[in-house]
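*Asks:* Hey, dropping work24.txt in here, compact mmCIF, C-alpha atoms:
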# COMPACT_ATOMS: atom_id res chain seq x y z
CA MET A 102 138.83 109.40 18.13
CA THR A 103 141.55 110.46 20.57
CA THR A 104 143.98 112.22 18.20
CA PRO A 105 142.68 115.50 16.70
CA LEU A 106 143.35 115.64 12.97
CA PHE A 107 142.19 119.18 12.23
CA ASP A 108 143.53 121.52 14.90
CA GLU A 109 142.90 124.54 12.71
CA PHE A 110 139.13 124.12 13.16
CA ASP A 111 137.57 125.24 16.41
CA PRO A 112 135.54 122.50 18.12
CA VAL A 113 131.76 122.81 17.98
CA SER A 114 129.84 121.74 21.08
CA SER A 115 126.57 119.86 21.05
CA LYS A 116 124.89 122.97 22.46
CA LEU A 117 125.95 125.02 19.44
CA TRP A 118 124.74 122.30 17.06
CA LYS A 119 121.33 122.30 18.76
CA GLN A 120 121.11 126.08 18.51
CA LYS A 121 121.89 125.91 14.79
CA ILE A 122 119.28 123.21 14.20
CA GLN A 123 116.69 125.13 16.22
CA PHE A 124 117.33 128.21 14.08
CA GLU A 125 116.90 126.20 10.86
CA LEU A 126 113.60 124.77 12.13
CA ASP A 127 112.09 128.25 11.82
CA GLY A 128 110.12 128.13 15.04
CA ALA A 129 109.23 124.42 15.14
CA ASP A 130 109.98 122.62 18.39
CA TYR A 131 113.27 120.72 18.35
CA ASN A 132 112.07 117.87 20.58
CA ASP A 133 108.79 117.32 18.74
CA THR A 134 110.28 117.62 15.26
CA MET A 135 113.70 115.99 15.48
CA ILE A 136 113.47 113.34 18.21
CA TRP A 137 111.51 110.09 17.96
CA ASN A 138 110.88 107.26 20.39
CA SER A 139 111.73 103.64 19.64
CA PRO A 140 109.54 100.73 20.88
CA GLU A 141 112.10 100.40 23.69
CA ASP A 142 111.37 104.02 24.75
CA ILE A 143 114.79 105.16 23.60
CA LYS A 144 114.82 108.73 22.31
CA VAL A 145 116.66 108.86 18.98
CA LYS A 146 118.28 112.23 18.34
CA PRO A 147 119.26 113.84 15.01
CA PHE A 148 122.94 113.93 15.97
CA TYR A 149 125.29 112.60 18.66
CA HIS A 150 128.30 114.33 20.14
CA SER A 151 131.26 113.21 22.24
CA ASP A 152 130.53 115.74 24.98
CA GLU A 153 127.20 113.99 25.70
CA LEU A 154 128.58 110.45 25.85
CA ALA A 155 129.61 109.11 29.24
CA ARG A 156 131.14 105.68 28.62
CA LYS A 157 130.33 103.28 31.43
CA TYR A 158 131.66 100.06 29.96
CA SER A 159 134.52 98.42 28.09
CA LEU A 160 133.77 96.14 25.18
CA THR A 161 135.79 94.10 22.71
CA THR A 162 134.30 92.49 19.63
CA ASN A 163 136.19 90.45 17.03
CA ALA A 164 134.53 90.83 13.65
CA SER A 165 137.69 89.49 12.01
CA THR A 166 137.03 86.00 13.40
CA PHE A 167 133.29 85.54 12.70
CA SER A 168 132.49 82.27 10.96
CA ILE A 169 129.98 81.49 8.22
CA CYS A 170 127.64 78.79 9.49
CA GLN A 171 125.47 76.52 7.35
CA ASN A 172 122.22 75.06 8.68
CA ILE A 173 121.63 71.40 7.82
CA PHE A 174 118.50 69.46 8.77
CA VAL A 175 119.55 65.83 9.29
CA TYR A 176 117.02 63.25 8.13
CA ASP A 177 118.82 61.15 5.54
CA VAL A 178 122.40 60.78 6.82
CA ASP A 179 123.94 60.15 3.40
CA LYS A 180 122.33 63.26 1.92
CA SER A 181 123.31 65.30 4.98
CA ILE A 182 126.94 64.21 4.62
CA GLU A 183 126.87 65.14 0.94
CA ARG A 184 125.41 68.57 1.76
CA ALA A 185 127.88 69.15 4.57
CA LEU A 186 130.92 68.36 2.43
CA ASP A 187 129.60 70.41 -0.46
CA THR A 188 128.87 73.46 1.68
CA LEU A 189 132.29 73.27 3.34
CA ASN A 190 133.91 73.19 -0.08
CA ARG A 191 131.87 76.23 -1.08
CA GLY A 192 132.85 78.51 1.76
CA ALA A 193 131.02 77.51 4.93
CA GLU A 194 133.26 77.47 8.00
CA SER A 195 130.96 75.82 10.53
CA LEU A 196 127.86 73.61 10.47
CA ARG A 197 124.69 73.56 12.53
CA PHE A 198 122.91 70.20 12.47
CA THR A 199 119.23 70.09 13.43
CA ILE A 200 118.43 66.55 14.58
CA GLU A 201 115.00 65.25 15.54
CA ASN A 202 115.73 61.52 15.74
CA GLU A 203 118.00 60.01 18.37
CA THR A 204 118.59 56.91 16.22
CA ILE A 205 120.60 58.86 13.64
CA ASP A 206 123.88 57.13 12.78
CA PHE A 207 126.19 59.67 14.42
CA ASP A 208 129.27 57.55 13.78
CA LYS A 209 128.66 57.62 10.03
CA LEU A 210 127.71 61.29 10.03
CA LEU A 211 130.73 62.53 11.95
CA SER A 212 133.34 60.12 10.65
CA SER A 213 132.64 61.32 7.12
CA LEU A 214 133.47 64.96 7.96
CA PRO A 215 136.87 66.69 8.12
CA LEU A 216 136.62 67.27 11.87
CA GLU A 217 140.07 68.79 12.38
CA GLY A 218 139.47 72.43 13.25
CA LEU A 219 135.77 72.23 12.37
CA VAL A 220 133.09 73.95 14.48
CA LEU A 221 129.84 71.98 14.82
CA TYR A 222 126.58 73.03 16.44
CA PHE A 223 123.90 70.47 17.33
CA ASN A 224 120.28 71.52 17.78
CA PHE A 225 118.40 68.55 19.23
CA SER A 226 114.61 68.30 19.53
CA PHE A 227 115.16 65.74 22.29
CA PHE A 228 117.33 65.49 25.40
CA SER A 229 119.55 62.42 25.55
CA ILE A 230 122.63 61.90 27.71
CA ASN A 231 123.44 58.73 25.76
CA CYS A 232 123.38 60.63 22.48
CA ILE A 233 125.94 63.16 23.73
CA GLN A 234 128.08 60.35 25.17
CA ARG A 235 128.10 58.70 21.74
CA ILE A 236 129.17 61.91 20.03
CA GLU A 237 131.90 62.54 22.61
CA THR A 238 133.30 59.05 22.00
CA ILE A 239 133.32 59.56 18.22
CA VAL A 240 135.06 62.94 18.26
CA GLN A 241 137.59 62.26 21.02
CA ASP A 242 141.16 62.96 19.94
CA ARG A 243 139.81 64.92 16.98
CA ASN A 244 140.43 68.65 17.01
CA ALA A 245 136.78 69.64 16.52
CA THR A 246 134.85 72.23 18.51
CA LEU A 247 131.34 71.14 19.45
CA TYR A 248 128.39 73.13 20.80
CA TYR A 249 125.49 70.90 21.83
CA ASN A 250 122.98 73.75 22.25
CA VAL A 251 120.96 72.02 24.99
CA ASP A 252 118.37 74.39 26.48
CA PRO A 253 115.62 72.83 28.67
CA ILE A 254 114.25 76.22 29.75
CA GLY A 255 114.05 77.25 26.10
CA GLN A 256 112.19 74.00 25.41
CA LEU A 257 109.69 74.81 28.17
CA ALA A 258 109.19 78.34 26.83
CA LYS A 259 108.73 77.19 23.22
CA ASP A 260 106.85 73.93 23.72
CA GLY A 261 105.07 74.41 27.05
CA ASN A 262 106.65 71.25 28.48
CA TRP A 263 110.10 70.18 29.63
CA PHE A 264 112.13 67.65 27.68
CA SER A 265 111.22 64.05 28.51
CA THR A 266 114.12 62.49 30.41
CA PRO A 267 113.98 59.10 32.14
CA ASP A 268 114.08 59.24 35.95
CA LYS A 269 115.70 62.68 36.09
CA THR A 270 114.77 66.31 35.95
CA ASN A 271 116.19 68.33 33.07
CA PHE A 272 118.57 70.10 35.45
CA ASP A 273 119.88 66.78 36.85
CA SER A 274 120.58 65.68 33.29
CA LEU A 275 122.36 68.95 32.53
CA ASN A 276 124.62 68.43 35.52
CA THR A 277 125.45 64.94 34.23
CA ILE A 278 126.21 66.28 30.75
CA SER A 279 128.42 69.01 32.22
CA LYS A 280 130.68 66.23 33.54
CA ILE A 281 130.59 64.19 30.32
CA SER A 282 131.38 67.14 28.08
CA SER A 283 134.40 68.62 29.80
CA LYS A 284 135.82 70.27 26.67
CA ASN A 285 132.81 70.95 24.45
CA ALA A 286 130.01 73.42 25.22
CA PHE A 287 126.78 71.79 26.33
CA LEU A 288 124.57 74.73 27.26
CA SER A 289 122.65 77.08 24.97
CA ILE A 290 120.22 79.96 25.48
CA ASP A 291 117.62 80.35 22.73
CA MET A 292 117.00 84.09 22.72
CA SER A 293 115.74 83.95 19.12
CA LEU A 294 112.38 82.71 20.41
CA TYR A 295 111.70 86.02 22.12
CA GLN A 296 112.58 88.09 19.04
CA ASN A 297 110.56 85.93 16.66
CA ALA A 298 107.57 86.09 19.00
CA GLY A 299 107.62 89.91 19.00
CA ALA A 300 109.58 90.94 22.10
CA ASN A 301 111.24 94.34 21.91
CA MET A 302 115.02 94.60 22.25
CA VAL A 303 115.08 95.46 25.94
CA GLN A 304 112.91 92.41 26.64
CA GLN A 305 115.12 90.18 24.50
CA LEU A 306 118.22 91.24 26.40
CA ALA A 307 116.64 91.03 29.85
CA TYR A 308 114.97 87.67 29.19
CA GLY A 309 118.21 86.24 27.78
CA LEU A 310 120.03 87.40 30.90
CA GLY A 311 117.35 86.01 33.21
CA HIS A 312 117.30 82.78 31.21
CA VAL A 313 121.02 82.09 31.66
CA ASN A 314 120.89 83.23 35.29
CA GLU A 315 118.57 80.30 36.04
CA TYR A 316 121.26 77.92 34.79
CA PHE A 317 123.99 79.65 36.79
CA ASN A 318 121.85 79.09 39.89
CA ARG A 319 121.22 75.40 39.18
CA ILE A 320 124.44 74.06 37.66
CA PRO A 321 127.27 74.17 40.20
CA LYS A 322 130.12 74.23 37.70
CA ILE A 323 130.09 75.35 34.07
CA ASP A 324 133.57 75.06 32.56
CA SER A 325 132.74 75.60 28.89
CA LYS A 326 131.37 78.44 26.82
CA ILE A 327 127.65 79.13 26.71
CA VAL A 328 126.04 79.61 23.30
CA PHE A 329 123.45 82.34 22.84
CA GLU A 330 121.28 81.90 19.76
CA ILE A 331 120.07 85.38 18.87
CA SER A 332 117.89 86.66 16.04
CA VAL A 333 118.34 90.12 14.54
CA GLY A 334 115.87 92.25 12.60
CA THR A 335 116.23 95.12 10.17
CA ASN A 336 116.56 98.00 12.65
CA TYR A 337 120.18 98.15 11.54
CA PHE A 338 121.97 100.29 14.15
CA PHE A 339 119.76 99.14 17.02
CA GLU A 340 120.57 95.49 16.23
CA ILE A 341 124.30 96.23 16.22
CA ALA A 342 123.87 97.91 19.60
CA LYS A 343 121.73 95.03 20.89
CA LEU A 344 124.49 92.46 20.39
CA ARG A 345 127.07 94.77 21.92
CA ALA A 346 124.82 95.48 24.89
CA PHE A 347 124.32 91.78 25.52
CA ARG A 348 128.05 91.14 25.73
CA ILE A 349 128.32 93.88 28.35
CA LEU A 350 125.40 92.50 30.35
CA PHE A 351 126.59 88.92 30.22
CA LYS A 352 130.09 89.85 31.31
CA ALA A 353 128.67 91.68 34.31
CA LEU A 354 126.49 88.71 35.27
CA ALA A 355 129.23 86.13 34.68
CA THR A 356 131.59 88.02 36.99
CA GLU A 357 129.14 87.49 39.85
CA TYR A 358 129.42 83.71 39.38
CA ASN A 359 133.20 83.67 38.75
CA TYR A 360 132.50 82.40 35.24
CA ASN A 361 135.55 83.22 33.14
CA HIS A 362 134.44 82.52 29.56
CA ASP A 363 133.10 85.02 27.05
CA CYS A 364 129.64 84.27 25.71
CA HIS A 365 129.50 82.66 22.25
CA ILE A 366 126.92 84.41 20.06
CA LEU A 367 125.38 82.56 17.13
CA VAL A 368 123.15 84.90 15.10
CA THR A 369 120.39 84.16 12.59
CA PRO A 370 118.20 86.72 10.79
CA THR A 371 114.69 87.01 12.20
CA LYS A 372 111.74 85.14 10.73
CA ARG A 373 109.32 87.78 11.96
CA ASN A 374 109.62 90.18 9.00
CA LYS A 375 109.87 87.53 6.28
CA SER A 376 107.07 87.00 3.79
CA ILE A 377 105.88 84.52 1.19
CA TYR A 378 105.05 87.22 -1.35
CA GLY A 379 107.83 89.53 -2.43
CA TYR A 380 110.22 86.78 -1.40
CA ASN A 381 113.20 88.34 -3.16
CA VAL A 382 113.02 91.26 -0.73
CA ASN A 383 113.79 88.69 1.98
CA MET A 384 117.31 88.60 0.52
CA LEU A 385 117.73 92.33 1.05
CA ARG A 386 116.49 92.03 4.62
CA THR A 387 118.80 89.15 5.49
CA THR A 388 121.77 91.00 3.99
CA THR A 389 121.39 94.01 6.29
CA GLU A 390 120.58 91.71 9.21
CA CYS A 391 123.78 89.74 8.64
CA MET A 392 125.70 93.01 8.47
CA SER A 393 124.26 94.01 11.85
CA ALA A 394 125.28 90.62 13.23
CA ILE A 395 128.87 90.93 12.03
CA LEU A 396 129.34 94.55 13.08
CA GLY A 397 127.66 93.82 16.41
CA GLY A 398 130.21 91.14 17.23
CA ALA A 399 128.62 87.77 16.39
CA ASP A 400 130.95 84.79 16.70
CA SER A 401 129.08 82.93 13.99
CA VAL A 402 126.32 83.88 11.54
CA ALA A 403 123.88 81.36 10.08
CA ASN A 404 121.97 83.12 7.33
CA LEU A 405 118.32 82.39 6.57
CA PRO A 406 117.55 81.41 2.96
CA TYR A 407 115.20 83.82 1.21
CA ASP A 408 112.65 81.00 0.69
CA SER A 409 112.95 79.32 4.10
CA VAL A 410 109.40 80.36 5.03
CA TYR A 411 107.75 78.16 2.41
CA HIS A 412 110.42 75.86 0.85
CA LYS A 413 112.20 72.86 2.30
CA ASP A 414 115.99 73.01 2.41
CA ASN A 415 117.28 73.25 -1.14
CA GLU A 416 120.65 73.74 -2.80
CA PHE A 417 119.77 77.05 -4.46
CA GLY A 418 118.44 78.74 -1.32
CA ASP A 419 121.40 77.49 0.72
CA ARG A 420 123.89 78.68 -1.88
CA ILE A 421 122.38 82.17 -2.08
CA SER A 422 122.29 82.57 1.71
CA ARG A 423 125.88 81.36 2.06
CA ASN A 424 127.07 83.58 -0.79
CA GLN A 425 125.54 86.62 0.90
CA LEU A 426 127.87 86.02 3.84
CA LEU A 427 130.81 85.29 1.56
CA VAL A 428 130.29 88.61 -0.23
CA LEU A 429 130.15 90.44 3.10
CA LYS A 430 133.33 88.72 4.23
CA GLU A 431 135.46 88.45 1.12
CA GLU A 432 134.29 91.43 -0.96
CA SER A 433 132.93 93.89 1.60
CA HIS A 434 135.86 93.03 3.91
CA LEU A 435 133.80 93.07 7.09
CA ASP A 436 136.31 90.66 8.61
CA LYS A 437 139.27 93.05 8.41
CA VAL A 438 138.66 95.20 11.49
CA ASN A 439 137.88 94.27 15.08
CA ASN A 440 135.50 96.49 17.06
CA PRO A 441 134.10 98.03 13.85
CA ALA A 442 131.32 99.92 15.67
CA ASP A 443 133.71 101.74 18.00
CA GLY A 444 133.75 105.50 17.57
CA SER A 445 130.13 105.76 16.46
CA TYR A 446 128.59 107.96 19.14
CA TYR A 447 125.12 106.90 17.96
CA ILE A 448 125.80 103.16 18.35
CA GLU A 449 127.64 103.67 21.62
CA SER A 450 124.71 105.67 23.00
CA LEU A 451 122.22 103.02 21.88
CA THR A 452 124.39 100.28 23.38
CA GLN A 453 124.53 102.04 26.72
CA GLN A 454 120.80 102.80 26.82
CA LEU A 455 119.78 99.27 25.82
CA ALA A 456 122.12 97.78 28.44
CA ASP A 457 120.82 100.11 31.16
CA LYS A 458 117.16 99.44 30.41
CA ALA A 459 117.66 95.67 30.09
CA LEU A 460 119.59 95.54 33.37
CA ALA A 461 116.78 97.41 35.12
CA LEU A 462 114.21 94.93 33.74
CA PHE A 463 116.40 91.98 34.75
CA LYS A 464 116.68 93.30 38.31
CA GLU A 465 112.91 93.77 38.43
CA MET A 466 112.41 90.14 37.36
CA GLU A 467 114.80 88.94 40.04
CA THR A 468 112.92 90.82 42.76
CA ARG A 469 109.75 89.04 41.60
CA GLY A 470 111.26 85.56 41.84
CA GLY A 471 113.33 85.22 38.69
CA PHE A 472 112.82 84.41 35.03
CA LEU A 473 111.63 80.80 35.44
CA LYS A 474 108.99 81.75 38.01
CA LEU A 475 107.64 84.50 35.76
CA LEU A 476 107.74 82.14 32.77
CA ASN A 477 105.66 79.57 34.65
CA GLU A 478 103.19 82.24 35.73
CA GLY A 479 102.72 83.43 32.13
CA VAL A 480 104.11 86.89 32.85
CA ILE A 481 106.90 86.62 30.25
CA LYS A 482 104.49 85.48 27.54
CA ASN A 483 102.04 88.28 28.35
CA LYS A 484 104.74 90.96 28.25
CA ILE A 485 105.99 89.68 24.89
CA GLN A 486 102.42 89.57 23.57
CA ILE A 487 101.86 93.22 24.47
CA SER A 488 104.98 94.22 22.51
CA ALA A 489 104.04 91.93 19.62
CA ASP A 490 100.54 93.39 19.43
CA LYS A 491 101.93 96.93 19.23
CA GLU A 492 104.27 95.92 16.42
CA GLN A 493 101.47 94.06 14.63
CA HIS A 494 99.21 97.12 14.83
CA LEU A 495 101.90 99.29 13.20
CA PHE A 496 102.24 96.68 10.47
CA ASP A 497 98.50 96.25 9.90
CA THR A 498 97.89 100.01 9.70
CA LYS A 499 100.93 100.45 7.43
CA ALA A 500 102.42 102.92 9.90
CA ASP A 501 105.51 100.72 9.81
CA PRO A 502 105.43 99.30 6.26
CA LEU A 503 107.15 96.15 5.03
CA ILE A 504 108.56 96.69 1.53
CA GLY A 505 107.25 94.11 -0.93
CA THR A 506 104.41 93.18 1.41
CA THR A 507 102.42 96.20 2.59
CA LYS A 508 104.23 98.67 0.33
CA HIS A 509 105.25 98.20 -3.32
CA ALA A 510 103.79 94.69 -3.26
CA SER A 511 103.79 92.76 -6.53
CA ARG A 512 100.32 91.47 -7.35
CA GLU A 513 101.72 89.17 -10.00
CA ASP A 514 103.22 86.71 -7.51
CA LEU A 515 101.35 83.40 -7.34
CA MET A 516 102.61 81.31 -4.45
CA LYS A 517 100.01 78.63 -3.76
CA ALA A 518 101.85 76.04 -5.85
CA GLU A 519 105.20 76.93 -4.22
CA LEU A 520 104.32 75.97 -0.66
CA GLU A 521 106.36 72.97 0.46
CA LEU A 522 106.08 73.90 4.13
CA PHE A 523 103.14 75.15 6.18
CA PRO A 524 104.23 78.75 6.73
CA PHE A 525 101.63 79.82 9.30
CA VAL A 526 101.21 79.46 13.05
CA LYS A 527 100.45 75.83 13.85
CA ILE A 528 97.87 75.04 16.54
CA ASN A 529 98.46 71.72 18.33
CA PRO A 530 95.92 71.28 21.16
CA ARG A 531 97.50 69.26 23.97
CA LYS A 532 98.21 69.35 27.66
CA THR A 533 101.11 71.60 28.61
CA LEU A 534 102.58 72.88 31.86
CA ILE A 535 102.50 76.48 30.62
CA THR A 536 101.15 78.33 27.61
CA PRO A 537 104.08 78.34 25.17
CA ILE A 538 105.57 81.43 23.59
CA ILE A 539 104.61 81.30 19.92
CA GLU A 540 106.70 82.64 17.05
CA LYS A 541 104.64 84.52 14.50
CA ARG A 542 105.47 86.43 11.35
CA LEU A 543 104.02 89.91 10.92
CA ALA A 544 102.72 88.99 7.45
CA ASP A 545 101.13 85.71 8.63
CA GLN A 546 97.49 86.78 8.20
CA LEU A 547 98.19 88.93 5.15
CA ASP A 548 99.86 85.99 3.38
CA GLN A 549 96.88 83.78 4.22
CA ASP A 550 94.44 86.32 2.81
CA ARG A 551 96.41 86.65 -0.43
CA LEU A 552 96.65 82.87 -0.86
CA ALA A 553 92.90 82.59 -0.42
CA THR A 554 92.29 84.99 -3.33
CA GLU A 555 94.66 83.41 -5.87
Please go through the file and, once you have read it, give me the structure as structure tokens.
*Replies:*
Amino acid sequence: MTTPLFDEFDPVSSKLWKQKIQFELDGADYNDTMIWNSPEDIKVKPFYHSDELARKYSLTTNASTFSICQNIFVYDVDKSIERALDTLNRGAESLRFTIENETIDFDKLLSSLPLEGLVLYFNFSFFSINCIQRIETIVQDRNATLYYNVDPIGQLAKDGNWFSTPDKTNFDSLNTISKISSKNAFLSIDMSLYQNAGANMVQQLAYGLGHVNEYFNRIPKIDSKIVFEISVGTNYFFEIAKLRAFRILFKALATEYNYNHDCHILVTPTKRNKSIYGYNVNMLRTTTECMSAILGGADSVANLPYDSVYHKDNEFGDRISRNQLLVLKEESHLDKVNNPADGSYYIESLTQQLADKALALFKEMETRGGFLKLLNEGVIKNKIQISADKEQHLFDTKADPLIGTTKHASREDLMKAELELFPFVKINPRKTLITPIIEKRLADQLDQDRLATE
């Protein structure tokens, strides 16, 4: 706040506030009693003051323009078209198609949609230049915005192997696609993998930065926006700061490569804290996570249905998840103000500290050969595992409880008959180039134990 509203009150410095708090503590130590450390080694104070905040960055976020995105898994094209049209009529503003089969009838799928002004994301489980050429031909002269979300390094990290591409490396194919898709975005960075596997926030930011830096070094010319798929958890203010910090970091990196586009951030709530039992609490978690995404400056938010852990896509789960975002947008009016987190000394301090620590980690990775080298050597996976194990220990010992799961759990829930999906870590023994980074829910083992006793 730059304009003082209450000149009749004398300003109170942070030093005076600390003295008052110390007096009220009646001899207890201020640092031991009032300050706690986050998993990122950030000291969280009881209050924040303008005279302690040295702003080192400029940041603009546009909460007023965030879009509500609906996830659609494409298997039966006719049903997918029906779902897409229905969800657009019910408030969705963009669609994310997950496609596992290259033989899908893209002409039928896309020609049936109102493409004018529509934003579409494509998550492919394969890498096909021909597929993208087909889509480009179908949508030409239509005013649609497409994000292909192609991420070979993310595929290597998640699967242990590169995409299979005939006669070309994945980077050669990316360079070809960059020429085919002159208008639409072809490149994506899957940062959600790191969060869902248990990385702390500094690691998520640094690994995302190192991840995209590998592409900057290997693709001579990137003329379109880059999509960053990011997951957010329930550490409300930290998650807001995390998204803000990433925009700052990306802008600094992009400047070094003369890349002139802002990053495009697509946010989804984390899977890590979701549970089978106490599933309704998942709705509360995703609500606060979506709020963090919006206030942190997400361009698009794709909510996670409360039952996504154990149910296949269904109309009820989709409707609830979409309506959560509609309530936040239309009734909570989170789309009315840009830069909504500005002026919060707490969030600004967190943003600055997260950015500083992530930048330091990124620089350390670069001195050791870069993100891809460390990924191939297993260093990235091991670092994430250390953070994940610490978080798992806090969960298992109930030092960091999960409401509805380790605290206030309902013993009346019977879920064995509800499982339509296998909700636990899948083991698929096969030959891989590297050991993949595995996503795992905190309640994975606890849910298994409860199912076994039903």
*Asks:* Quick check, in Å to one decimal: how far apart do atom CA of A:Met292 and atom CA of A:His365 lie?
*Replies:*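 For atom CA of A:Met292 relative to atom CA of A:His365, the distance reads 12.6 Å.
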*Asks:* Compare A:Val178, A:Val328, A:Ala342, A:Met135 by their minimum atom-to-atom distance to A:Asn285, counting all atoms listed in the file, and give me the closest one.
*Replies:*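 Smallest distance to A:Asn285 is found for A:Val328.
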*Asks:* Using only C-alpha atoms, determine which residues lie at most 9 Å from stretch 308-312 of chain A, disregarding the query and same-chain residues fewer than 6 positions distant; provide the list as a PDB file with C-alpha atoms, keeping the file's coordinate frame.
*Replies:*
ATOM      1  CA  ILE A 254     114.250  76.220  29.750  1.00  0.00           C
ATOM      2  CA  GLY A 255     114.050  77.250  26.100  1.00  0.00           C
ATOM      3  CA  ILE A 290     120.220  79.960  25.480  1.00  0.00           C
ATOM      4  CA  ASP A 291     117.620  80.350  22.730  1.00  0.00           C
ATOM      5  CA  MET A 292     117.000  84.090  22.720  1.00  0.00           C
ATOM      6  CA  TYR A 295     111.700  86.020  22.120  1.00  0.00           C
ATOM      7  CA  PHE A 329     123.450  82.340  22.840  1.00  0.00           C
ATOM      8  CA  PHE A 347     124.320  91.780  25.520  1.00  0.00           C
ATOM      9  CA  LEU A 350     125.400  92.500  30.350  1.00  0.00           C
ATOM     10  CA  PHE A 351     126.590  88.920  30.220  1.00  0.00           C
ATOM     11  CA  LEU A 354     126.490  88.710  35.270  1.00  0.00           C
ATOM     12  CA  ALA A 459     117.660  95.670  30.090  1.00  0.00           C
ATOM     13  CA  LEU A 460     119.590  95.540  33.370  1.00  0.00           C
ATOM     14  CA  LEU A 462     114.210  94.930  33.740  1.00  0.00           C
ATOM     15  CA  PHE A 463     116.400  91.980  34.750  1.00  0.00           C
ATOM     16  CA  LYS A 464     116.680  93.300  38.310  1.00  0.00           C
ATOM     17  CA  MET A 466     112.410  90.140  37.360  1.00  0.00           C
ATOM     18  CA  GLU A 467     114.800  88.940  40.040  1.00  0.00           C
ATOM     19  CA  GLY A 471     113.330  85.220  38.690  1.00  0.00           C
ATOM     20  CA  PHE A 472     112.820  84.410  35.030  1.00  0.00           C
ATOM     21  CA  LEU A 473     111.630  80.800  35.440  1.00  0.00           C
ATOM     22  CA  ILE A 481     106.900  86.620  30.250  1.00  0.00           C
TER      23      ILE A 481
END
*Asks:* Report, in Å with one decimal, the straight-line distance from atom CA of A:Arg420 to atom CA of A:Ile182.
*Replies:*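 Interatomic distance, atom CA of A:Arg420 to atom CA of A:Ile182: 16.2 Å.
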*Asks:* How close does stretch 313-399 of chain A get to stretch 492-502 of chain A? List, as JSON lines, each residue of stretch 313-399 of chain A within 12 Å, its nearest atom pair and the distance in Å to one decimal, counting all atoms listed in the file.
*Replies:*
{"residue": "A:Asn336", "atom": "CA", "partner": "A:Asp501", "partner_atom": "CA", "distance": 11.7}
{"residue": "A:Arg373", "atom": "CA", "partner": "A:Gln493", "partner_atom": "CA", "distance": 10.4}
{"residue": "A:Asn374", "atom": "CA", "partner": "A:Phe496", "partner_atom": "CA", "distance": 9.9}
*Asks:* Between A:Ser226, A:Gln549, A:Gln171, A:Asn271, single out the one closest to A:Ala403, counting all atoms listed in the file.
*Replies:*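 Checking each candidate against A:Ala403, we get A:Gln171 as the closest.
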*Asks:* Taking (129.0, 65.2, 29.1) as a centre in this file's frame and 10 Å as the limit, can you find every polymer residue with an atom that close, using all atoms listed in the file, and give them as a ChimeraX atom specification?
*Replies:* /A:230-237,249,274-287
*Asks:* Using all atoms listed in the file, what table do you get, as JSON lines, when you list each residue of stretch 290-367 of chain A with an atom no more than 12 Å from stretch 451-455 of chain A, its nearest pair of atoms, and their distance in Å rounded to one decimal, rows by chain then rising number?
*Replies:*
{"residue": "A:Asn301", "atom": "CA", "partner": "A:Leu455", "partner_atom": "CA", "distance": 10.6}
{"residue": "A:Met302", "atom": "CA", "partner": "A:Leu455", "partner_atom": "CA", "distance": 7.6}
{"residue": "A:Val303", "atom": "CA", "partner": "A:Leu455", "partner_atom": "CA", "distance": 6.1}
{"residue": "A:Gln304", "atom": "CA", "partner": "A:Leu455", "partner_atom": "CA", "distance": 9.7}
{"residue": "A:Gln305", "atom": "CA", "partner": "A:Leu455", "partner_atom": "CA", "distance": 10.3}
{"residue": "A:Leu306", "atom": "CA", "partner": "A:Leu455", "partner_atom": "CA", "distance": 8.2}
{"residue": "A:Ala307", "atom": "CA", "partner": "A:Leu455", "partner_atom": "CA", "distance": 9.7}
{"residue": "A:Asn336", "atom": "CA", "partner": "A:Leu451", "partner_atom": "CA", "distance": 11.9}
{"residue": "A:Tyr337", "atom": "CA", "partner": "A:Leu451", "partner_atom": "CA", "distance": 11.6}
{"residue": "A:Phe338", "atom": "CA", "partner": "A:Leu451", "partner_atom": "CA", "distance": 8.2}
{"residue": "A:Phe339", "atom": "CA", "partner": "A:Leu451", "partner_atom": "CA", "distance": 6.7}
{"residue": "A:Glu340", "atom": "CA", "partner": "A:Thr452", "partner_atom": "CA", "distance": 9.4}
{"residue": "A:Ile341", "atom": "CA", "partner": "A:Thr452", "partner_atom": "CA", "distance": 8.2}
{"residue": "A:Ala342", "atom": "CA", "partner": "A:Thr452", "partner_atom": "CA", "distance": 4.5}
{"residue": "A:Lys343", "atom": "CA", "partner": "A:Thr452", "partner_atom": "CA", "distance": 6.4}
{"residue": "A:Leu344", "atom": "CA", "partner": "A:Thr452", "partner_atom": "CA", "distance": 8.4}
{"residue": "A:Arg345", "atom": "CA", "partner": "A:Thr452", "partner_atom": "CA", "distance": 6.3}
{"residue": "A:Ala346", "atom": "CA", "partner": "A:Thr452", "partner_atom": "CA", "distance": 5.1}
{"residue": "A:Phe347", "atom": "CA", "partner": "A:Leu455", "partner_atom": "CA", "distance": 8.8}
{"residue": "A:Arg348", "atom": "CA", "partner": "A:Thr452", "partner_atom": "CA", "distance": 10.1}
{"residue": "A:Ile349", "atom": "CA", "partner": "A:Thr452", "partner_atom": "CA", "distance": 9.0}
{"residue": "A:Leu350", "atom": "CA", "partner": "A:Leu455", "partner_atom": "CA", "distance": 9.9}
